[in-house]
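Here's the structure, in structure tokens; my notes come after.
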Amino acid sequence: MSLPRYLLDTNILSDLVRHPQGRVAERIAAVGESAVCTSIIVAAELRYGAAKRNAPRLTKQVEAILSAVEVLPLDAPADRSYAQLRWALEQSGRLIGPNDMLIAAQALACECVMVTANVDEFSRVASLPIENWLDASVAP
């Protein structure tokens with residue numbers, strides 16, 4: 001059995017940007033840097049946030065984090081996962097945001113554990129394993 005891979009959501013990496021020695025850094029150290037990755041969608045959201053704030057220091061921190069984490073391109077079979085996921089969520093009447101749907105589809109396609117503080121939204125995705133590394137009640 002292979003070790004799990006963890007796809008880090010925007011709120012998790014944002015916390016790492018703000019707290020480079022915090023809970024997220026501790027969890028990355030515990031699971032190993034090679035076990036973590038993120039989506040190109042998350043990278044785009046982080047870069048957008050830094051650009052919107054027009055803060056060179058923030059941009060530099062975001063770029064440093066993204067250069068240290070594997071950024072997965074949005075490739076097949078994520079398109080199939082997206083189609084199935086969107087159809088299932090539409091049928092249930094419990095859609096999630098469009099970027100989160102793409103991120104979830106990518107996590108499913110890559111068989112990653114979704115690491116997010118947005119548990120309410122991502123928990124609507126059947127069979128998507130979720131962890132919240134910012135939840136202080138969960139031991140690292």
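Scheme for the structure tokens: letters A, B, ... for chains in order shown; per-chain residue numbers from 1; ligand numbers from 1 in order shown.
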Residues flagged alpha helix (DSSP H) by DSSP in chain A, as an NGL selection string: :A and (10-18 or 23-31 or 40-53 or 56-68 or 78-92 or 98-109 or 119-122)
Distance query A:Tyr6 at most 7 Å, only C-alpha atoms, self and fewer than 2 positions along chain excluded, as a PyMOL selection string: chain A and resi 4+8+35-37+112-115
Could you write out the selected residues, including N, CA, C and O atoms, as a short mmCIF file (atom, residue, chain, number, x, y, z; two decimals), in the first residue's frame?
data_model
loop_
_atom_site.label_atom_id
_atom_site.label_comp_id
_atom_site.auth_asym_id
_atom_site.auth_seq_id
_atom_site.Cartn_x
_atom_site.Cartn_y
_atom_site.Cartn_z
N PRO A 4 -0.18 8.01 1.51
CA PRO A 4 -1.09 9.01 0.93
C PRO A 4 -0.34 10.25 0.46
O PRO A 4 0.71 10.60 0.97
N LEU A 8 -2.95 20.33 -0.96
CA LEU A 8 -3.19 21.46 -0.06
C LEU A 8 -4.04 22.53 -0.73
O LEU A 8 -3.71 22.99 -1.83
N ALA A 35 5.25 14.22 0.05
CA ALA A 35 3.87 13.74 0.12
C ALA A 35 2.85 14.85 -0.09
O ALA A 35 1.65 14.58 -0.15
N VAL A 36 3.30 16.09 -0.22
CA VAL A 36 2.36 17.20 -0.38
C VAL A 36 2.46 17.80 -1.78
O VAL A 36 3.52 17.79 -2.41
N CYS A 37 1.33 18.30 -2.23
CA CYS A 37 1.27 18.96 -3.53
C CYS A 37 0.11 19.95 -3.46
O CYS A 37 -0.61 20.02 -2.46
N CYS A 112 -5.61 11.92 -4.01
CA CYS A 112 -5.00 12.67 -2.91
C CYS A 112 -6.01 12.89 -1.79
O CYS A 112 -7.21 12.96 -2.02
N VAL A 113 -5.48 13.06 -0.60
CA VAL A 113 -6.28 13.53 0.52
C VAL A 113 -6.38 15.04 0.36
O VAL A 113 -5.37 15.72 0.17
N MET A 114 -7.60 15.56 0.44
CA MET A 114 -7.82 17.01 0.32
C MET A 114 -7.56 17.63 1.68
O MET A 114 -8.21 17.28 2.66
N VAL A 115 -6.60 18.53 1.76
CA VAL A 115 -6.28 19.22 3.00
C VAL A 115 -6.83 20.63 2.90
O VAL A 115 -6.37 21.43 2.08
#
List as CSV every residue of stretch 55-110 of chain A that is in contact with stretch 121-128 of chain A, defined as an atom at most 10 Å from one of its atoms (using only C-alpha atoms), together with the nearest atom pair and the distance in Å rounded to one decimal, sorted by chain and then rising number.
residue,atom,partner,partner_atom,distance
A:Leu85,CA,A:Val125,CA,7.3
A:Arg86,CA,A:Val125,CA,9.5
A:Ala88,CA,A:Val125,CA,8.6
A:Leu89,CA,A:Val125,CA,7.6
A:Ser92,CA,A:Arg124,CA,9.3
A:Arg94,CA,A:Arg124,CA,7.0
A:Leu95,CA,A:Arg124,CA,8.0
A:Ile96,CA,A:Glu121,CA,6.1
A:Gly97,CA,A:Glu121,CA,8.2
A:Asp100,CA,A:Phe122,CA,7.6
A:Met101,CA,A:Phe122,CA,8.4
A:Ile103,CA,A:Phe122,CA,9.6
A:Ala104,CA,A:Phe122,CA,7.2
A:Ala105,CA,A:Val125,CA,9.0
A:Ala107,CA,A:Leu128,CA,7.7
A:Leu108,CA,A:Leu128,CA,6.4
Put those residues in a file: N, CA, C and O atoms, as a tab-separated table (two decimals), in the first residue's frame.
chain	number	residue	atom	x	y	z
A	85	LEU	N	-18.23	14.50	-10.89
A	85	LEU	CA	-18.45	15.24	-9.65
A	85	LEU	C	-19.52	16.31	-9.84
A	85	LEU	O	-20.46	16.42	-9.03
A	86	ARG	N	-19.41	17.09	-10.88
A	86	ARG	CA	-20.39	18.16	-11.11
A	86	ARG	C	-21.79	17.59	-11.30
A	86	ARG	O	-22.77	18.12	-10.76
A	88	ALA	N	-22.97	14.75	-10.13
A	88	ALA	CA	-23.45	14.24	-8.84
A	88	ALA	C	-23.89	15.38	-7.92
A	88	ALA	O	-24.93	15.29	-7.26
A	89	LEU	N	-23.10	16.46	-7.89
A	89	LEU	CA	-23.45	17.59	-7.03
A	89	LEU	C	-24.70	18.31	-7.53
A	89	LEU	O	-25.52	18.75	-6.73
A	92	SER	N	-27.68	16.29	-6.52
A	92	SER	CA	-27.98	16.37	-5.09
A	92	SER	C	-28.44	17.77	-4.68
A	92	SER	O	-28.92	17.96	-3.56
A	94	ARG	N	-26.46	20.24	-4.18
A	94	ARG	CA	-25.47	20.72	-3.20
A	94	ARG	C	-24.16	21.10	-3.88
A	94	ARG	O	-23.10	20.61	-3.53
A	95	LEU	N	-24.24	21.99	-4.87
A	95	LEU	CA	-23.06	22.43	-5.59
A	95	LEU	C	-22.06	23.12	-4.67
A	95	LEU	O	-22.43	23.65	-3.62
A	96	ILE	N	-20.82	23.11	-5.10
A	96	ILE	CA	-19.77	23.87	-4.42
A	96	ILE	C	-19.24	24.88	-5.43
A	96	ILE	O	-19.58	24.83	-6.61
A	97	GLY	N	-18.39	25.78	-4.98
A	97	GLY	CA	-17.84	26.80	-5.86
A	97	GLY	C	-17.08	26.19	-7.03
A	97	GLY	O	-16.55	25.08	-6.92
A	100	ASP	N	-13.42	25.31	-6.33
A	100	ASP	CA	-13.36	24.18	-5.40
A	100	ASP	C	-13.75	22.88	-6.09
A	100	ASP	O	-13.21	21.82	-5.79
A	101	MET	N	-14.68	22.96	-7.05
A	101	MET	CA	-15.06	21.76	-7.78
A	101	MET	C	-13.89	21.25	-8.62
A	101	MET	O	-13.63	20.04	-8.68
A	103	ILE	N	-10.68	21.80	-7.98
A	103	ILE	CA	-9.66	21.32	-7.03
A	103	ILE	C	-10.05	19.94	-6.51
A	103	ILE	O	-9.22	19.03	-6.44
A	104	ALA	N	-11.32	19.77	-6.16
A	104	ALA	CA	-11.79	18.47	-5.67
A	104	ALA	C	-11.66	17.40	-6.75
A	104	ALA	O	-11.23	16.27	-6.46
A	105	ALA	N	-12.02	17.74	-7.98
A	105	ALA	CA	-11.90	16.78	-9.08
A	105	ALA	C	-10.44	16.36	-9.27
A	105	ALA	O	-10.15	15.18	-9.50
A	107	ALA	N	-8.09	16.38	-6.93
A	107	ALA	CA	-7.72	15.54	-5.79
A	107	ALA	C	-8.24	14.12	-5.99
A	107	ALA	O	-7.53	13.14	-5.71
A	108	LEU	N	-9.47	13.99	-6.47
A	108	LEU	CA	-10.03	12.65	-6.73
A	108	LEU	C	-9.23	11.94	-7.81
A	108	LEU	O	-8.88	10.76	-7.66
Pick from A:Ser14, A:Ser34, A:Asn99, A:Thr116, whichever lies nearest to A:Gln61 using only C-alpha atoms: A:Ser14
Atom CA of A:Thr10 to atom CA of A:Gly49, straight-line distance in Å: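 So the two atoms, atom CA of A:Gly49 and atom CA of A:Thr10, lie 10.1 Å apart.
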Minimum-distance residue to A:Ser67, chosen among A:Ile12, A:Val31, A:Ala51, A:Ala43 (using only C-alpha atoms):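 Using only C-alpha atoms, the shortest distance to A:Ser67 belongs to A:Ala43.
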Secondary structure check, strand (DSSP E or B) residues of chain A, as a ChimeraX atom specification: /A:5-8,36-39,70-72,112-115,130-131
Using only C-alpha atoms: which of A:Arg80, A:Arg5, A:Arg47, A:Lys52 has the shortest distance to A:Val17: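 Checking each of A:Arg80, A:Arg5, A:Arg47, A:Lys52 against A:Val17, counting only C-alpha atoms, the winner is A:Arg47.
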Between atom CA of A:Glu63 and atom CA of A:Leu7, distance in Å (one decimal):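 That distance, rounded to one decimal, is 17.5 Å.
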Å distance separating atom CA of A:Ala64 from atom CA of A:Asp120, one decimal place: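 Rounded to one decimal, the two atoms are 29.1 Å apart.
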Nearest to A:Leu16, chosen from A:Ile40, A:Leu102, A:Ile65, A:Ala55, with only C-alpha atoms counted in the distances: A:Ile65
